[in-house]
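Coordinates as given in run_8.txt (compact mmCIF, N, CA, C and O atoms):
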```txt
# COMPACT_ATOMS: atom_id res chain seq x y z
N MET A 1479 22.40 -40.08 -138.53
CA MET A 1479 23.13 -40.17 -137.30
C MET A 1479 24.35 -39.25 -137.37
O MET A 1479 24.98 -39.12 -138.40
N ILE A 1480 24.67 -38.63 -136.27
CA ILE A 1480 25.81 -37.73 -136.19
C ILE A 1480 27.09 -38.55 -136.17
O ILE A 1480 27.22 -39.51 -135.43
N GLU A 1481 28.06 -38.17 -136.99
CA GLU A 1481 29.36 -38.81 -136.98
C GLU A 1481 30.28 -38.02 -136.06
O GLU A 1481 30.44 -36.81 -136.21
N HIS A 1482 30.88 -38.70 -135.12
CA HIS A 1482 31.79 -38.05 -134.19
C HIS A 1482 33.20 -38.08 -134.73
O HIS A 1482 33.59 -39.02 -135.42
N THR A 1483 33.97 -37.03 -134.44
CA THR A 1483 35.36 -36.99 -134.85
C THR A 1483 36.11 -38.10 -134.12
O THR A 1483 36.00 -38.22 -132.90
N PRO A 1484 36.84 -38.92 -134.84
CA PRO A 1484 37.53 -40.03 -134.18
C PRO A 1484 38.65 -39.54 -133.26
O PRO A 1484 39.24 -38.50 -133.50
N GLY A 1485 38.90 -40.29 -132.21
CA GLY A 1485 39.97 -39.96 -131.28
C GLY A 1485 41.27 -40.58 -131.73
O GLY A 1485 41.36 -41.11 -132.83
N PRO A 1486 42.31 -40.54 -130.95
CA PRO A 1486 42.26 -39.98 -129.60
C PRO A 1486 42.26 -38.46 -129.62
O PRO A 1486 42.84 -37.85 -130.49
N TRP A 1487 41.56 -37.89 -128.66
CA TRP A 1487 41.52 -36.45 -128.50
C TRP A 1487 42.41 -36.07 -127.33
O TRP A 1487 42.40 -36.73 -126.30
N ILE A 1488 43.13 -34.99 -127.48
CA ILE A 1488 44.02 -34.52 -126.42
C ILE A 1488 43.70 -33.06 -126.12
O ILE A 1488 43.89 -32.20 -126.98
N PRO A 1489 43.20 -32.75 -124.92
CA PRO A 1489 42.91 -31.35 -124.61
C PRO A 1489 44.21 -30.56 -124.48
O PRO A 1489 45.16 -31.01 -123.86
N THR A 1490 44.25 -29.39 -125.11
CA THR A 1490 45.45 -28.56 -125.11
C THR A 1490 45.06 -27.11 -124.88
O THR A 1490 44.13 -26.61 -125.50
N LEU A 1491 45.77 -26.43 -124.00
CA LEU A 1491 45.52 -25.02 -123.72
C LEU A 1491 46.36 -24.18 -124.66
O LEU A 1491 47.58 -24.31 -124.69
N CYS A 1492 45.72 -23.32 -125.44
CA CYS A 1492 46.42 -22.47 -126.39
C CYS A 1492 46.85 -21.16 -125.73
O CYS A 1492 46.43 -20.85 -124.62
N ASP A 1493 47.65 -20.39 -126.44
CA ASP A 1493 48.17 -19.13 -125.91
C ASP A 1493 47.06 -18.16 -125.49
O ASP A 1493 47.20 -17.43 -124.52
N ASP A 1494 45.97 -18.14 -126.25
CA ASP A 1494 44.87 -17.21 -125.93
C ASP A 1494 43.91 -17.77 -124.89
O ASP A 1494 42.88 -17.17 -124.61
N GLY A 1495 44.22 -18.93 -124.33
CA GLY A 1495 43.38 -19.51 -123.29
C GLY A 1495 42.30 -20.43 -123.82
O GLY A 1495 41.57 -21.02 -123.05
N ALA A 1496 42.18 -20.56 -125.14
CA ALA A 1496 41.15 -21.42 -125.72
C ALA A 1496 41.58 -22.87 -125.64
O ALA A 1496 42.73 -23.20 -125.89
N TRP A 1497 40.65 -23.74 -125.26
CA TRP A 1497 40.95 -25.16 -125.29
C TRP A 1497 40.74 -25.67 -126.69
O TRP A 1497 39.77 -25.33 -127.35
N MET A 1498 41.66 -26.48 -127.16
CA MET A 1498 41.54 -27.09 -128.47
C MET A 1498 41.73 -28.58 -128.30
O MET A 1498 42.38 -29.02 -127.35
N VAL A 1499 41.16 -29.33 -129.19
CA VAL A 1499 41.27 -30.77 -129.13
C VAL A 1499 41.98 -31.24 -130.39
O VAL A 1499 41.51 -30.99 -131.49
N ASN A 1500 43.11 -31.90 -130.23
CA ASN A 1500 43.88 -32.40 -131.38
C ASN A 1500 43.42 -33.81 -131.71
O ASN A 1500 43.35 -34.65 -130.83
N THR A 1501 43.12 -34.06 -132.97
CA THR A 1501 42.73 -35.41 -133.38
C THR A 1501 43.48 -35.75 -134.66
O THR A 1501 43.18 -35.20 -135.70
N ASP A 1502 44.43 -36.63 -134.56
CA ASP A 1502 45.19 -37.06 -135.73
C ASP A 1502 45.69 -35.88 -136.56
O ASP A 1502 45.59 -35.88 -137.78
N GLY A 1503 46.16 -34.84 -135.90
CA GLY A 1503 46.70 -33.68 -136.61
C GLY A 1503 45.67 -32.59 -136.87
O GLY A 1503 46.03 -31.47 -137.21
N ASP A 1504 44.41 -32.89 -136.75
CA ASP A 1504 43.37 -31.87 -136.93
C ASP A 1504 43.18 -31.15 -135.60
O ASP A 1504 43.30 -31.73 -134.54
N ILE A 1505 42.85 -29.89 -135.67
CA ILE A 1505 42.60 -29.11 -134.46
C ILE A 1505 41.17 -28.61 -134.49
O ILE A 1505 40.72 -28.04 -135.48
N ILE A 1506 40.46 -28.84 -133.42
CA ILE A 1506 39.06 -28.42 -133.30
C ILE A 1506 38.96 -27.46 -132.14
O ILE A 1506 39.31 -27.79 -131.01
N VAL A 1507 38.51 -26.23 -132.41
CA VAL A 1507 38.32 -25.27 -131.33
C VAL A 1507 37.01 -25.61 -130.65
O VAL A 1507 35.96 -25.68 -131.28
N VAL A 1508 37.06 -25.84 -129.34
CA VAL A 1508 35.85 -26.23 -128.62
C VAL A 1508 35.36 -25.14 -127.67
O VAL A 1508 34.35 -25.31 -127.04
N GLY A 1509 36.04 -24.02 -127.61
CA GLY A 1509 35.56 -22.90 -126.81
C GLY A 1509 36.67 -22.22 -126.04
O GLY A 1509 37.70 -22.82 -125.76
N ASP A 1510 36.46 -20.97 -125.68
CA ASP A 1510 37.50 -20.24 -124.97
C ASP A 1510 37.20 -20.09 -123.48
O ASP A 1510 37.99 -19.52 -122.75
N ASN A 1511 36.08 -20.63 -123.03
CA ASN A 1511 35.74 -20.54 -121.61
C ASN A 1511 35.64 -21.91 -120.95
O ASN A 1511 35.03 -22.05 -119.90
N LEU A 1512 36.23 -22.91 -121.57
CA LEU A 1512 36.16 -24.25 -121.01
C LEU A 1512 37.19 -24.43 -119.91
O LEU A 1512 38.30 -23.94 -120.00
N SER A 1513 36.80 -25.18 -118.91
CA SER A 1513 37.75 -25.55 -117.87
C SER A 1513 38.54 -26.76 -118.36
O SER A 1513 38.16 -27.41 -119.34
N GLU A 1514 39.60 -27.08 -117.66
CA GLU A 1514 40.37 -28.28 -118.01
C GLU A 1514 39.49 -29.52 -117.88
O GLU A 1514 39.56 -30.43 -118.69
N THR A 1515 38.62 -29.53 -116.88
CA THR A 1515 37.72 -30.66 -116.68
C THR A 1515 36.78 -30.82 -117.87
O THR A 1515 36.56 -31.93 -118.35
N ASP A 1516 36.22 -29.70 -118.36
CA ASP A 1516 35.34 -29.76 -119.53
C ASP A 1516 36.09 -30.30 -120.74
O ASP A 1516 35.57 -31.15 -121.47
N ALA A 1517 37.29 -29.82 -120.95
CA ALA A 1517 38.07 -30.25 -122.11
C ALA A 1517 38.40 -31.73 -122.02
O ALA A 1517 38.35 -32.45 -123.02
N ARG A 1518 38.72 -32.21 -120.83
CA ARG A 1518 39.04 -33.63 -120.67
C ARG A 1518 37.79 -34.49 -120.90
O ARG A 1518 37.88 -35.58 -121.48
N LEU A 1519 36.62 -34.02 -120.49
CA LEU A 1519 35.39 -34.75 -120.74
C LEU A 1519 35.09 -34.81 -122.24
O LEU A 1519 34.71 -35.86 -122.77
N ILE A 1520 35.29 -33.69 -122.94
CA ILE A 1520 35.09 -33.67 -124.39
C ILE A 1520 36.06 -34.64 -125.05
O ILE A 1520 35.69 -35.39 -125.95
N ALA A 1521 37.30 -34.66 -124.57
CA ALA A 1521 38.30 -35.56 -125.14
C ALA A 1521 37.92 -37.03 -124.93
O ALA A 1521 38.20 -37.87 -125.77
N ALA A 1522 37.28 -37.32 -123.81
CA ALA A 1522 36.90 -38.71 -123.49
C ALA A 1522 35.58 -39.12 -124.13
O ALA A 1522 35.25 -40.32 -124.14
N ALA A 1523 34.83 -38.18 -124.68
CA ALA A 1523 33.48 -38.46 -125.18
C ALA A 1523 33.39 -39.62 -126.15
O ALA A 1523 32.50 -40.48 -126.00
N PRO A 1524 34.24 -39.73 -127.18
CA PRO A 1524 34.11 -40.87 -128.10
C PRO A 1524 34.30 -42.21 -127.39
O PRO A 1524 33.60 -43.17 -127.69
N ASP A 1525 35.25 -42.28 -126.45
CA ASP A 1525 35.47 -43.52 -125.72
C ASP A 1525 34.31 -43.83 -124.79
O ASP A 1525 33.92 -45.00 -124.63
N LEU A 1526 33.76 -42.81 -124.16
CA LEU A 1526 32.61 -43.02 -123.28
C LEU A 1526 31.41 -43.52 -124.06
O LEU A 1526 30.70 -44.42 -123.60
N LEU A 1527 31.18 -42.94 -125.24
CA LEU A 1527 30.06 -43.37 -126.08
C LEU A 1527 30.25 -44.83 -126.49
O LEU A 1527 29.31 -45.63 -126.43
N ALA A 1528 31.45 -45.19 -126.88
CA ALA A 1528 31.72 -46.59 -127.27
C ALA A 1528 31.50 -47.52 -126.09
O ALA A 1528 30.92 -48.61 -126.26
N ALA A 1529 31.93 -47.11 -124.90
CA ALA A 1529 31.73 -47.95 -123.71
C ALA A 1529 30.26 -48.12 -123.39
O ALA A 1529 29.81 -49.22 -123.03
N LEU A 1530 29.48 -47.04 -123.52
CA LEU A 1530 28.04 -47.14 -123.27
C LEU A 1530 27.39 -48.10 -124.26
O LEU A 1530 26.53 -48.90 -123.88
N LYS A 1531 27.78 -48.01 -125.51
CA LYS A 1531 27.20 -48.90 -126.52
C LYS A 1531 27.54 -50.35 -126.22
O LYS A 1531 26.68 -51.23 -126.35
N MET A 1532 28.77 -50.62 -125.79
CA MET A 1532 29.15 -52.00 -125.45
C MET A 1532 28.39 -52.48 -124.22
O MET A 1532 27.99 -53.65 -124.15
N MET A 1533 28.16 -51.58 -123.26
CA MET A 1533 27.44 -51.95 -122.05
C MET A 1533 26.00 -52.33 -122.38
O MET A 1533 25.49 -53.35 -121.90
N VAL A 1534 25.34 -51.55 -123.23
CA VAL A 1534 23.97 -51.86 -123.62
C VAL A 1534 23.93 -53.15 -124.44
O VAL A 1534 23.03 -53.97 -124.27
N GLU A 1535 24.94 -53.34 -125.29
CA GLU A 1535 25.01 -54.58 -126.07
C GLU A 1535 25.14 -55.80 -125.15
O GLU A 1535 24.48 -56.82 -125.35
N LEU A 1536 25.97 -55.68 -124.12
CA LEU A 1536 26.12 -56.77 -123.15
C LEU A 1536 24.81 -57.02 -122.42
O LEU A 1536 24.39 -58.16 -122.23
N TYR A 1537 24.15 -55.94 -122.01
CA TYR A 1537 22.85 -56.06 -121.32
C TYR A 1537 21.85 -56.78 -122.23
O TYR A 1537 21.15 -57.69 -121.80
N ASN A 1538 21.81 -56.36 -123.50
CA ASN A 1538 20.87 -56.99 -124.45
C ASN A 1538 21.24 -58.45 -124.69
O ASN A 1538 20.36 -59.30 -124.86
N TYR A 1539 22.53 -58.75 -124.71
CA TYR A 1539 22.99 -60.12 -124.93
C TYR A 1539 22.52 -61.02 -123.79
O TYR A 1539 22.12 -62.16 -124.01
N ALA A 1540 22.58 -60.49 -122.56
CA ALA A 1540 22.12 -61.27 -121.42
C ALA A 1540 20.65 -61.62 -121.57
O ALA A 1540 20.21 -62.70 -121.18
N ASN A 1541 19.87 -60.69 -122.15
CA ASN A 1541 18.48 -60.91 -122.51
C ASN A 1541 17.67 -61.59 -121.39
O ASN A 1541 16.98 -62.57 -121.61
N VAL A 1542 17.78 -61.02 -120.22
CA VAL A 1542 17.02 -61.55 -119.10
C VAL A 1542 15.68 -60.84 -119.09
O VAL A 1542 15.58 -59.68 -118.74
N ASN A 1543 14.63 -61.54 -119.48
CA ASN A 1543 13.32 -60.93 -119.63
C ASN A 1543 12.72 -60.45 -118.31
O ASN A 1543 11.80 -59.65 -118.29
N ALA A 1544 13.25 -60.91 -117.21
CA ALA A 1544 12.72 -60.48 -115.92
C ALA A 1544 12.93 -59.00 -115.69
O ALA A 1544 12.24 -58.39 -114.89
N PHE A 1545 13.88 -58.39 -116.40
CA PHE A 1545 14.16 -56.96 -116.20
C PHE A 1545 12.93 -56.11 -116.46
O PHE A 1545 12.72 -55.10 -115.84
N SER A 1546 12.11 -56.51 -117.42
CA SER A 1546 11.01 -55.64 -117.82
C SER A 1546 9.72 -55.85 -117.03
O SER A 1546 8.92 -54.94 -116.94
N ASN A 1547 9.50 -57.01 -116.46
CA ASN A 1547 8.24 -57.27 -115.76
C ASN A 1547 8.47 -57.89 -114.39
O ASN A 1547 8.66 -59.09 -114.27
N GLY A 1548 8.44 -57.09 -113.38
CA GLY A 1548 8.49 -57.61 -112.04
C GLY A 1548 9.87 -57.86 -111.49
O GLY A 1548 10.09 -57.84 -110.31
N VAL A 1549 10.84 -58.09 -112.33
CA VAL A 1549 12.22 -58.31 -111.94
C VAL A 1549 12.31 -59.25 -110.74
O VAL A 1549 12.53 -58.85 -109.62
N THR A 1550 12.14 -60.52 -110.99
CA THR A 1550 12.18 -61.49 -109.90
C THR A 1550 13.33 -62.46 -110.08
O THR A 1550 13.77 -62.72 -111.20
N ASP A 1551 13.82 -62.98 -108.98
CA ASP A 1551 14.84 -64.02 -109.03
C ASP A 1551 14.11 -65.37 -109.00
O ASP A 1551 12.88 -65.42 -108.97
N PRO A 1552 14.83 -66.50 -109.03
CA PRO A 1552 14.16 -67.81 -109.08
C PRO A 1552 13.22 -68.08 -107.90
O PRO A 1552 12.31 -68.88 -108.01
N THR A 1553 13.39 -67.38 -106.79
CA THR A 1553 12.51 -67.60 -105.63
C THR A 1553 11.26 -66.75 -105.69
O THR A 1553 10.40 -66.84 -104.84
N GLY A 1554 11.16 -65.88 -106.69
CA GLY A 1554 10.01 -65.00 -106.82
C GLY A 1554 10.21 -63.66 -106.13
O GLY A 1554 9.32 -62.83 -106.15
N SER A 1555 11.38 -63.44 -105.56
CA SER A 1555 11.67 -62.15 -104.91
C SER A 1555 12.29 -61.19 -105.92
O SER A 1555 12.89 -61.60 -106.90
N ILE A 1556 12.13 -59.92 -105.63
CA ILE A 1556 12.75 -58.91 -106.49
C ILE A 1556 14.26 -58.98 -106.30
O ILE A 1556 14.75 -58.99 -105.18
N ASP A 1557 14.99 -59.05 -107.39
CA ASP A 1557 16.45 -59.09 -107.37
C ASP A 1557 16.96 -57.66 -107.58
O ASP A 1557 16.83 -57.11 -108.66
N GLU A 1558 17.52 -57.07 -106.52
CA GLU A 1558 17.98 -55.68 -106.60
C GLU A 1558 19.06 -55.50 -107.66
O GLU A 1558 19.15 -54.45 -108.29
N GLY A 1559 19.91 -56.51 -107.85
CA GLY A 1559 20.93 -56.42 -108.90
C GLY A 1559 20.32 -56.27 -110.27
O GLY A 1559 20.80 -55.50 -111.10
N ASP A 1560 19.24 -56.99 -110.53
CA ASP A 1560 18.55 -56.89 -111.81
C ASP A 1560 17.93 -55.50 -111.98
O ASP A 1560 17.94 -54.94 -113.07
N VAL A 1561 17.36 -54.98 -110.90
CA VAL A 1561 16.76 -53.64 -110.96
C VAL A 1561 17.83 -52.61 -111.30
O VAL A 1561 17.64 -51.75 -112.17
N ILE A 1562 18.96 -52.69 -110.64
CA ILE A 1562 20.04 -51.74 -110.90
C ILE A 1562 20.56 -51.88 -112.33
O ILE A 1562 20.78 -50.89 -113.01
N ALA A 1563 20.75 -53.11 -112.81
CA ALA A 1563 21.22 -53.34 -114.17
C ALA A 1563 20.24 -52.74 -115.18
O ALA A 1563 20.65 -52.12 -116.17
N SER A 1564 18.96 -52.89 -114.93
CA SER A 1564 17.94 -52.34 -115.81
C SER A 1564 18.00 -50.82 -115.83
O SER A 1564 17.91 -50.20 -116.89
N GLN A 1565 18.18 -50.21 -114.66
CA GLN A 1565 18.28 -48.75 -114.58
C GLN A 1565 19.52 -48.24 -115.31
O GLN A 1565 19.47 -47.25 -116.04
N ILE A 1566 20.65 -48.92 -115.11
CA ILE A 1566 21.89 -48.51 -115.77
C ILE A 1566 21.74 -48.59 -117.29
O ILE A 1566 22.14 -47.67 -118.01
N ALA A 1567 21.15 -49.66 -117.78
CA ALA A 1567 20.94 -49.81 -119.22
C ALA A 1567 20.03 -48.71 -119.75
O ALA A 1567 20.27 -48.17 -120.83
N SER A 1568 19.02 -48.35 -118.99
CA SER A 1568 18.10 -47.28 -119.40
C SER A 1568 18.83 -45.93 -119.48
O SER A 1568 18.67 -45.19 -120.45
N TYR A 1569 19.64 -45.63 -118.47
CA TYR A 1569 20.42 -44.38 -118.48
C TYR A 1569 21.42 -44.38 -119.64
O TYR A 1569 21.63 -43.36 -120.29
N ALA A 1570 22.05 -45.53 -119.89
CA ALA A 1570 23.02 -45.63 -120.98
C ALA A 1570 22.34 -45.39 -122.33
O ALA A 1570 22.87 -44.66 -123.17
N ARG A 1571 21.16 -45.99 -122.53
CA ARG A 1571 20.43 -45.78 -123.79
C ARG A 1571 20.08 -44.31 -123.99
O ARG A 1571 20.20 -43.78 -125.09
N ALA A 1572 19.65 -43.64 -122.92
CA ALA A 1572 19.30 -42.22 -123.01
C ALA A 1572 20.54 -41.39 -123.34
O ALA A 1572 20.47 -40.45 -124.16
N ALA A 1573 21.68 -41.71 -122.74
CA ALA A 1573 22.91 -40.96 -123.02
C ALA A 1573 23.36 -41.18 -124.46
O ALA A 1573 23.82 -40.24 -125.13
N ILE A 1574 23.22 -42.40 -124.97
CA ILE A 1574 23.57 -42.69 -126.36
C ILE A 1574 22.68 -41.89 -127.31
O ILE A 1574 23.16 -41.29 -128.27
N GLU A 1575 21.38 -41.87 -127.04
CA GLU A 1575 20.45 -41.09 -127.87
C GLU A 1575 20.83 -39.61 -127.88
O GLU A 1575 20.80 -38.96 -128.92
N LYS A 1576 21.17 -39.08 -126.71
CA LYS A 1576 21.56 -37.68 -126.62
C LYS A 1576 22.85 -37.42 -127.41
O LYS A 1576 22.95 -36.45 -128.15
N ALA A 1577 23.83 -38.31 -127.27
CA ALA A 1577 25.11 -38.14 -127.96
C ALA A 1577 24.93 -38.22 -129.48
O ALA A 1577 25.67 -37.58 -130.23
N GLU A 1578 23.96 -39.01 -129.92
CA GLU A 1578 23.71 -39.17 -131.35
C GLU A 1578 22.67 -38.19 -131.89
O GLU A 1578 22.27 -38.27 -133.03
N GLY A 1579 22.24 -37.25 -131.04
CA GLY A 1579 21.30 -36.22 -131.48
C GLY A 1579 19.88 -36.70 -131.68
O GLY A 1579 19.10 -36.08 -132.38
N ARG A 1580 19.51 -37.81 -131.04
CA ARG A 1580 18.16 -38.35 -131.18
C ARG A 1580 17.29 -37.98 -130.01
O ARG A 1580 16.17 -38.48 -129.90
N GLN A 1581 17.74 -37.13 -129.13
CA GLN A 1581 16.94 -36.74 -127.94
C GLN A 1581 17.03 -35.27 -127.72
O GLN A 1581 17.99 -34.62 -127.97
```
What would the structure in this file look like if it were written as structure tokens?
Amino acid sequence: MIEHTPGPWIPTLCDDGAWMVNTDGDIIVVGDNLSETDARLIAAAPDLLAALKMMVELYNYANVNAFSNGVTDPTGSIDEGDVIASQIASYARAAIEKAEGRQ
């Protein structure tokens, strides 16, 4: 598994225009053509990954088996909230795999 540099990360514009990310005194050059938005997203990446992992853990903790087969509520109707929760968990799992280099 890929180990990510721990945060907090702070995007900083250097004299030559290159964005750098400071982490506990370490400086990581992330590119000279990054926009401020790109640099801020890179800086937020460790926190976003942690949030995704907690979200999937919460979804798994709920362990509602209806998510996988038919997604029905107690009346036998499809529960749109369950469908959306299932889709969000699926997207989160895919993003985690990509961030960890497994996709």
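If you measure from each of A:Ala1540, A:Ala1517, A:Leu1530, A:Ile1562 to Ile1488 (chain A) using only N, CA, C and O atoms, the closest one turns out to be A:Ala1517.
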*Leu1512 (chain A): which residues within 12 Å, counting only C-alpha atoms, same-chain residues fewer than 6 positions away excluded, as a PyMOL selection string?*
chain A and resi 1489-1492+1495-1499+1518-1520
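Here atom C of Glu1514 (chain A) and atom C of Pro1486 (chain A) stand 15.0 Å from one another.
Restricting the calculation to only C-alpha atoms, the smallest distance between Asp1525 (chain A) and any of A:Ala1577, A:Asn1500, A:Val1507, A:Tyr1539 is found for A:Ala1577.
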Leu1527 (chain A): which residues within 10 Å, counting only C-alpha atoms, same-chain residues fewer than 5 positions away excluded, as a CSV table (one decimal) with N, CA, C and O atoms, in the frame of the given file?
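Done, and the output landed in out35.csv:
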```
chain,number,residue,atom,x,y,z
A,1482,HIS,N,30.9,-38.7,-135.1
A,1482,HIS,CA,31.8,-38.0,-134.2
A,1482,HIS,C,33.2,-38.1,-134.7
A,1482,HIS,O,33.6,-39.0,-135.4
A,1522,ALA,N,37.3,-37.3,-123.8
A,1522,ALA,CA,36.9,-38.7,-123.5
A,1522,ALA,C,35.6,-39.1,-124.1
A,1522,ALA,O,35.2,-40.3,-124.1
A,1532,MET,N,28.8,-50.6,-125.8
A,1532,MET,CA,29.2,-52.0,-125.4
A,1532,MET,C,28.4,-52.5,-124.2
A,1532,MET,O,28.0,-53.6,-124.2
A,1533,MET,N,28.2,-51.6,-123.3
A,1533,MET,CA,27.4,-52.0,-122.0
A,1533,MET,C,26.0,-52.3,-122.4
A,1533,MET,O,25.5,-53.4,-121.9
A,1570,ALA,N,22.0,-45.5,-119.9
A,1570,ALA,CA,23.0,-45.6,-121.0
A,1570,ALA,C,22.3,-45.4,-122.3
A,1570,ALA,O,22.9,-44.7,-123.2
A,1573,ALA,N,21.7,-41.7,-122.7
A,1573,ALA,CA,22.9,-41.0,-123.0
A,1573,ALA,C,23.4,-41.2,-124.5
A,1573,ALA,O,23.8,-40.2,-125.1
A,1574,ILE,N,23.2,-42.4,-125.0
A,1574,ILE,CA,23.6,-42.7,-126.4
A,1574,ILE,C,22.7,-41.9,-127.3
A,1574,ILE,O,23.2,-41.3,-128.3
A,1577,ALA,N,23.8,-38.3,-127.3
A,1577,ALA,CA,25.1,-38.1,-128.0
A,1577,ALA,C,24.9,-38.2,-129.5
A,1577,ALA,O,25.7,-37.6,-130.2
A,1578,GLU,N,24.0,-39.0,-129.9
A,1578,GLU,CA,23.7,-39.2,-131.4
A,1578,GLU,C,22.7,-38.2,-131.9
A,1578,GLU,O,22.3,-38.3,-133.0
```
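Interatomic distance, atom O of Arg1580 (chain A) against atom O of Ile1506 (chain A): 25.5 Å.
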Could you rebuild region 1521-1528 of chain A with all heavy atoms and give me the result as a PDB file, in the coordinates of the input?
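File result33.pdb, as written:
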```
ATOM      1  N   ALA A1521      37.300 -34.660-124.570  1.00  0.00           N
ATOM      2  CA  ALA A1521      38.300 -35.560-125.140  1.00  0.00           C
ATOM      3  C   ALA A1521      37.920 -37.030-124.930  1.00  0.00           C
ATOM      4  O   ALA A1521      38.200 -37.870-125.770  1.00  0.00           O
ATOM      5  CB  ALA A1521      39.676 -35.268-124.534  1.00  0.00           C
ATOM      6  N   ALA A1522      37.280 -37.320-123.810  1.00  0.00           N
ATOM      7  CA  ALA A1522      36.900 -38.710-123.490  1.00  0.00           C
ATOM      8  C   ALA A1522      35.580 -39.120-124.130  1.00  0.00           C
ATOM      9  O   ALA A1522      35.250 -40.320-124.140  1.00  0.00           O
ATOM     10  CB  ALA A1522      36.793 -38.871-121.974  1.00  0.00           C
ATOM     11  N   ALA A1523      34.830 -38.180-124.680  1.00  0.00           N
ATOM     12  CA  ALA A1523      33.480 -38.460-125.180  1.00  0.00           C
ATOM     13  C   ALA A1523      33.390 -39.620-126.150  1.00  0.00           C
ATOM     14  O   ALA A1523      32.500 -40.480-126.000  1.00  0.00           O
ATOM     15  CB  ALA A1523      32.868 -37.187-125.780  1.00  0.00           C
ATOM     16  N   PRO A1524      34.240 -39.730-127.180  1.00  0.00           N
ATOM     17  CA  PRO A1524      34.110 -40.870-128.100  1.00  0.00           C
ATOM     18  C   PRO A1524      34.300 -42.210-127.390  1.00  0.00           C
ATOM     19  O   PRO A1524      33.600 -43.170-127.690  1.00  0.00           O
ATOM     20  CB  PRO A1524      35.215 -40.628-129.133  1.00  0.00           C
ATOM     21  CG  PRO A1524      35.487 -39.166-129.067  1.00  0.00           C
ATOM     22  CD  PRO A1524      35.275 -38.785-127.625  1.00  0.00           C
ATOM     23  N   ASP A1525      35.250 -42.280-126.450  1.00  0.00           N
ATOM     24  CA  ASP A1525      35.470 -43.520-125.720  1.00  0.00           C
ATOM     25  C   ASP A1525      34.310 -43.830-124.790  1.00  0.00           C
ATOM     26  O   ASP A1525      33.920 -45.000-124.630  1.00  0.00           O
ATOM     27  CB  ASP A1525      36.772 -43.436-124.902  1.00  0.00           C
ATOM     28  CG  ASP A1525      38.005 -43.278-125.791  1.00  0.00           C
ATOM     29  OD1 ASP A1525      37.977 -43.776-126.931  1.00  0.00           O
ATOM     30  OD2 ASP A1525      38.981 -42.653-125.342  1.00  0.00           O
ATOM     31  N   LEU A1526      33.760 -42.810-124.160  1.00  0.00           N
ATOM     32  CA  LEU A1526      32.610 -43.020-123.280  1.00  0.00           C
ATOM     33  C   LEU A1526      31.410 -43.520-124.060  1.00  0.00           C
ATOM     34  O   LEU A1526      30.700 -44.420-123.600  1.00  0.00           O
ATOM     35  CB  LEU A1526      32.273 -41.717-122.528  1.00  0.00           C
ATOM     36  CG  LEU A1526      33.301 -41.246-121.513  1.00  0.00           C
ATOM     37  CD1 LEU A1526      32.966 -39.831-121.028  1.00  0.00           C
ATOM     38  CD2 LEU A1526      33.368 -42.201-120.338  1.00  0.00           C
ATOM     39  N   LEU A1527      31.180 -42.940-125.240  1.00  0.00           N
ATOM     40  CA  LEU A1527      30.060 -43.370-126.080  1.00  0.00           C
ATOM     41  C   LEU A1527      30.250 -44.830-126.490  1.00  0.00           C
ATOM     42  O   LEU A1527      29.310 -45.630-126.430  1.00  0.00           O
ATOM     43  CB  LEU A1527      29.926 -42.473-127.305  1.00  0.00           C
ATOM     44  CG  LEU A1527      28.791 -42.806-128.269  1.00  0.00           C
ATOM     45  CD1 LEU A1527      27.434 -42.777-127.571  1.00  0.00           C
ATOM     46  CD2 LEU A1527      28.808 -41.851-129.455  1.00  0.00           C
ATOM     47  N   ALA A1528      31.450 -45.190-126.880  1.00  0.00           N
ATOM     48  CA  ALA A1528      31.720 -46.590-127.270  1.00  0.00           C
ATOM     49  C   ALA A1528      31.500 -47.520-126.090  1.00  0.00           C
ATOM     50  O   ALA A1528      30.920 -48.610-126.260  1.00  0.00           O
ATOM     51  CB  ALA A1528      33.154 -46.711-127.790  1.00  0.00           C
TER      52      ALA A1528
END
```
